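J.: Below is the file upload.pdb, with PDB, C-alpha atoms.
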```pdb
ATOM      1  CA  MET A 845     200.994 -71.086 108.530
ATOM      2  CA  LEU A 846     201.702 -69.258 105.232
ATOM      3  CA  ILE A 847     205.097 -68.132 106.538
ATOM      4  CA  ALA A 848     205.988 -71.730 107.431
ATOM      5  CA  ALA A 849     205.029 -72.887 103.909
ATOM      6  CA  LEU A 850     207.105 -70.119 102.305
ATOM      7  CA  ALA A 851     210.061 -70.895 104.563
ATOM      8  CA  LEU A 852     209.840 -74.598 103.644
ATOM      9  CA  ALA A 853     209.664 -73.783  99.919
ATOM     10  CA  ALA A 854     212.666 -71.468 100.212
ATOM     11  CA  ALA A 855     214.646 -74.098 102.102
ATOM     12  CA  GLN A 856     213.910 -76.724  99.440
ATOM     13  CA  ALA A 857     214.962 -74.362  96.654
ATOM     14  CA  ALA A 858     218.155 -73.461  98.494
ATOM     15  CA  ALA A 859     219.008 -77.132  99.060
ATOM     16  CA  GLU A 860     219.064 -77.776  95.299
ATOM     17  CA  PRO A 861     222.566 -76.824  94.097
ATOM     18  CA  PRO A 862     222.724 -74.745  90.932
ATOM     19  CA  VAL A 863     223.329 -76.684  87.714
ATOM     20  CA  ASP A 864     226.519 -74.712  87.023
ATOM     21  CA  ASN A 865     227.913 -75.752  90.407
ATOM     22  CA  GLU A 866     227.156 -79.440  89.746
ATOM     23  CA  ILE A 867     228.770 -79.220  86.325
ATOM     24  CA  THR A 868     231.876 -77.641  87.841
ATOM     25  CA  VAL A 869     232.108 -80.278  90.576
ATOM     26  CA  ILE A 870     231.789 -83.158  88.103
ATOM     27  CA  ALA A 871     234.222 -81.541  85.647
ATOM     28  CA  ASN A 872     236.782 -81.088  88.437
ATOM     29  CA  LYS A 873     236.428 -84.736  89.450
ATOM     30  CA  LEU A 874     236.724 -85.853  85.832
ATOM     31  CA  ARG A 875     239.951 -83.866  85.505
ATOM     32  CA  ASP A 876     241.527 -86.326  87.945
ATOM     33  CA  TRP A 877     240.210 -89.389  86.076
ATOM     34  CA  ARG A 878     242.780 -91.490  84.263
ATOM     35  CA  GLY A 879     242.078 -94.208  81.758
ATOM     36  CA  SER A 880     243.668 -96.198  79.002
ATOM     37  CA  TRP A 881     242.356 -97.666  75.792
ATOM     38  CA  ARG A 882     243.283-100.679  73.696
ATOM     39  CA  LEU A 883     242.205-102.303  70.487
ATOM     40  CA  ARG A 884     240.795-105.752  71.168
ATOM     41  CA  LYS A 885     239.444-107.791  68.288
ATOM     42  CA  GLY A 886     238.873-104.651  66.260
ATOM     43  CA  ALA A 887     237.050-102.759  69.005
ATOM     44  CA  VAL A 888     238.176-100.021  71.360
ATOM     45  CA  THR A 889     238.081-100.921  75.030
ATOM     46  CA  CYS A 890     238.683 -98.580  77.930
ATOM     47  CA  LYS A 891     239.854 -99.199  81.459
ATOM     48  CA  THR A 892     239.821 -96.728  84.323
ATOM     49  CA  LYS A 893     243.288 -96.466  85.863
ATOM     50  CA  GLY A 894     242.631 -93.570  88.253
ATOM     51  CA  SER A 895     239.049 -93.462  89.470
ATOM     52  CA  THR A 896     237.163 -90.368  90.575
ATOM     53  CA  GLY A 897     235.363 -92.481  93.161
ATOM     54  CA  ASP A 898     232.120 -92.126  91.209
ATOM     55  CA  LYS A 899     231.452 -94.843  88.619
ATOM     56  CA  ALA A 900     229.107 -92.609  86.614
ATOM     57  CA  ILE A 901     231.809 -89.948  86.264
ATOM     58  CA  ASP A 902     234.401 -92.590  85.403
ATOM     59  CA  ALA A 903     232.044 -93.839  82.687
ATOM     60  CA  ILE A 904     232.007 -90.368  81.103
ATOM     61  CA  GLY A 905     235.772 -90.580  80.646
ATOM     62  CA  CYS A 906     235.677 -94.055  79.109
ATOM     63  CA  ASP A 907     232.618 -93.348  76.957
ATOM     64  CA  ALA A 908     234.307 -90.263  75.513
ATOM     65  CA  MET A 909     237.505 -92.175  74.827
ATOM     66  CA  VAL A 910     235.705 -95.032  73.065
ATOM     67  CA  ALA A 911     233.499 -92.670  71.025
ATOM     68  CA  CYS A 912     236.403 -90.544  69.849
ATOM     69  CA  ILE A 913     238.868 -93.317  69.070
ATOM     70  CA  THR A 914     236.512 -95.862  67.482
ATOM     71  CA  PRO A 915     236.342 -94.034  64.114
ATOM     72  CA  LEU A 916     240.124 -94.340  63.896
ATOM     73  CA  VAL A 917     240.258 -98.114  64.445
ATOM     74  CA  PRO A 918     241.065 -98.956  60.796
ATOM     75  CA  ARG A 919     243.946 -96.498  60.758
ATOM     76  CA  PHE A 920     245.265 -97.734  64.104
ATOM     77  CA  ALA A 921     245.075-101.291  62.752
ATOM     78  CA  GLU A 922     247.199-100.189  59.774
ATOM     79  CA  ILE A 923     249.785 -98.687  62.116
ATOM     80  CA  GLU A 924     249.819-101.849  64.202
ATOM     81  CA  ALA A 925     250.154-104.051  61.096
ATOM     82  CA  SER A 926     253.125-102.041  59.836
ATOM     83  CA  LYS A 927     255.398-103.865  62.273
ATOM     84  CA  ALA A 928     257.301-100.649  62.943
ATOM     85  CA  SER A 929     259.188-100.197  66.190
ATOM     86  CA  LYS A 930     257.151 -99.375  69.300
ATOM     87  CA  GLU A 931     258.543 -95.848  69.254
ATOM     88  CA  GLU A 932     257.525 -95.336  65.617
ATOM     89  CA  MET A 933     254.074 -96.817  66.153
ATOM     90  CA  SER A 934     253.597 -94.536  69.164
ATOM     91  CA  ARG A 935     254.706 -91.519  67.124
ATOM     92  CA  GLN A 936     252.308 -92.423  64.293
ATOM     93  CA  ALA A 937     249.423 -93.044  66.701
ATOM     94  CA  ASN A 938     249.994 -89.693  68.429
ATOM     95  CA  ALA A 939     250.164 -87.926  65.057
ATOM     96  CA  LEU A 940     246.926 -89.626  63.963
ATOM     97  CA  MET A 941     245.134 -88.602  67.152
ATOM     98  CA  SER A 942     246.320 -85.025  66.762
ATOM     99  CA  GLU A 943     245.413 -84.880  63.069
ATOM    100  CA  ALA A 944     241.972 -86.391  63.709
ATOM    101  CA  GLY A 945     241.171 -83.918  66.497
ATOM    102  CA  VAL A 946     240.733 -86.603  69.138
ATOM    103  CA  TYR A 947     241.469 -84.190  71.974
ATOM    104  CA  ASP A 948     238.770 -81.757  70.800
ATOM    105  CA  CYS A 949     236.395 -84.699  70.480
ATOM    106  CA  LEU A 950     237.205 -85.877  74.005
ATOM    107  CA  PHE A 951     236.521 -82.417  75.402
ATOM    108  CA  ALA A 952     233.168 -82.170  73.582
ATOM    109  CA  LYS A 953     232.076 -85.698  74.566
ATOM    110  CA  ARG A 954     233.035 -85.106  78.173
ATOM    111  CA  GLU A 955     231.044 -81.858  78.266
ATOM    112  CA  ALA A 956     228.014 -83.641  76.820
ATOM    113  CA  GLY A 957     228.438 -86.513  79.269
ATOM    114  CA  ILE A 958     228.676 -84.158  82.230
ATOM    115  CA  ALA A 959     225.522 -82.299  81.150
ATOM    116  CA  ALA A 960     223.656 -85.591  80.701
ATOM    117  CA  LEU A 961     224.758 -86.856  84.118
ATOM    118  CA  VAL A 962     223.695 -83.622  85.826
ATOM    119  CA  ALA A 963     220.302 -83.797  84.080
ATOM    120  CA  ALA A 964     219.833 -87.463  85.013
ATOM    121  CA  ARG A 965     220.721 -86.862  88.639
ATOM    122  CA  ARG A 966     218.422 -83.850  88.831
ATOM    123  CA  SER A 967     215.517 -85.790  87.338
ATOM    124  CA  LYS A 968     215.991 -88.519  89.962
ATOM    125  CA  ARG A 969     215.751 -85.910  92.720
ATOM    126  CA  THR A 970     212.517 -84.421  91.449
TER     127      THR A 970
END
```
As a first step, turn the structure in this file into structure tokens.
T.:
Amino acid sequence: MLIAALALAAAQAAAEPPVDNEITVIANKLRDWRGSWRLRKGAVTCKTKGSTGDKAIDAIGCDAMVACITPLVPRFAEIEASKASKEEMSRQANALMSEAGVYDCLFAKREAGIAALVAARRSKRT
């Protein structure tokens, strides 16, 4: 009887994937995610263009994008109001994103989002 209980406990522990593995799986899926953002009425909106097939993972991508770009809305509005050519506005927007460290922000927000999703999914299983 004790052996059966130990075997059952070991099987349950083995069935639970390690956190690092879950993080890697989600990060790999998120790598394939594609989205776009726009300014609409002074707010950043995000739309998934290439889904991972998991809405919660897709949300990490959009949440990161909105969080990292929102602080730059006034500066993007200035660029848009300048009435420069599309090419010049694109160049200025890319320079602003680079200067503001948007890509580092996206990476950090995605990492935090992945960790939160793994924790939430684990807590639902226990």
J.: For Arg954 (chain A), list every protein, DNA or RNA residue within 8 Å, evaluated using only C-alpha atoms, and leave out those in the same chain fewer than 4 positions away; present the list as a PyMOL selection string.
T.: chain A and resi 904-905+908+950+958
J.: Please write as an MDAnalysis selection string the full residue list that the PyMOL selection byres ((chain A and resi 886) around 12) yields on this file.
T.: chainID A and resid 882:885 887:889 913:922 924
J.: What does the distance from CA of Arg965 (chain A) to CA of Ala903 (chain A) come to in Å, to one decimal?
T.: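 One can read the CA of Arg965 (chain A) to CA of Ala903 (chain A) distance as 14.6 Å.
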J.: Show me as a PyMOL selection string the residues that reach within 10 Å of (254.4, -100.3, 64.4), counting only C-alpha atoms and using the file's own coordinates.
T.: chain A and resi 920-937
J.: From the options A:Lys899, A:Cys906, A:Thr970, A:Ala959, which residue's atoms come nearest to Arg878 (chain A), counting only C-alpha atoms?
T.: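 For Arg878 (chain A), the nearest of the given residues is A:Cys906.
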J.: So which residues touch Ser895 (chain A) within 7 Å, counting all atoms listed in the file, skipping near sequence neighbours fewer than 3 positions away, as a short mmCIF file (atom, residue, chain, number, x, y, z; two decimals) with C-alpha atoms, in the frame of the given file?
T.:
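Printed below is part32.cif as written:
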```
data_model
loop_
_atom_site.label_atom_id
_atom_site.label_comp_id
_atom_site.auth_asym_id
_atom_site.auth_seq_id
_atom_site.Cartn_x
_atom_site.Cartn_y
_atom_site.Cartn_z
CA TRP A 877 240.21 -89.39 86.08
CA ARG A 878 242.78 -91.49 84.26
CA THR A 892 239.82 -96.73 84.32
CA ASP A 902 234.40 -92.59 85.40
#
```
J.: Using only C-alpha atoms, which of A:Ala911, A:Ala960, A:Ile870, A:Ala944 sits nearest Asp898 (chain A)?
T.: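 When distances to Asp898 (chain A) are compared using only C-alpha atoms, the smallest one comes from A:Ile870.
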J.: Set up a box along x, y and z of the file covering all listed atoms of region 893-912 of chain A, add 4 Å on every one of the six sides, and write the centre and edge lengths in Å to one decimal, as AutoDock Vina command-line options.
T.:
```
--center_x 236.2 --center_y -93.2 --center_z 81.5 --size_x 22.2 --size_y 14.5 --size_z 31.3
```
J.: Go through A:Leu874, A:Cys890, A:Ala900, A:Cys912 one by one, measure the shortest atom-to-atom distance of each to Ala952 (chain A) using only C-alpha atoms, and give the residue with the smallest value.
T.: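 Answer, going by the shortest atom-to-atom distance: A:Cys912.
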J.: How far is it from CA of Glu943 (chain A) to CA of Trp881 (chain A), in Å with one decimal?
T.: 18.3 Å
J.: Quote the spacing between CA of Ala939 (chain A) and CA of Ala871 (chain A) in Å to one decimal place.
T.: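 The value is 26.8 Å.
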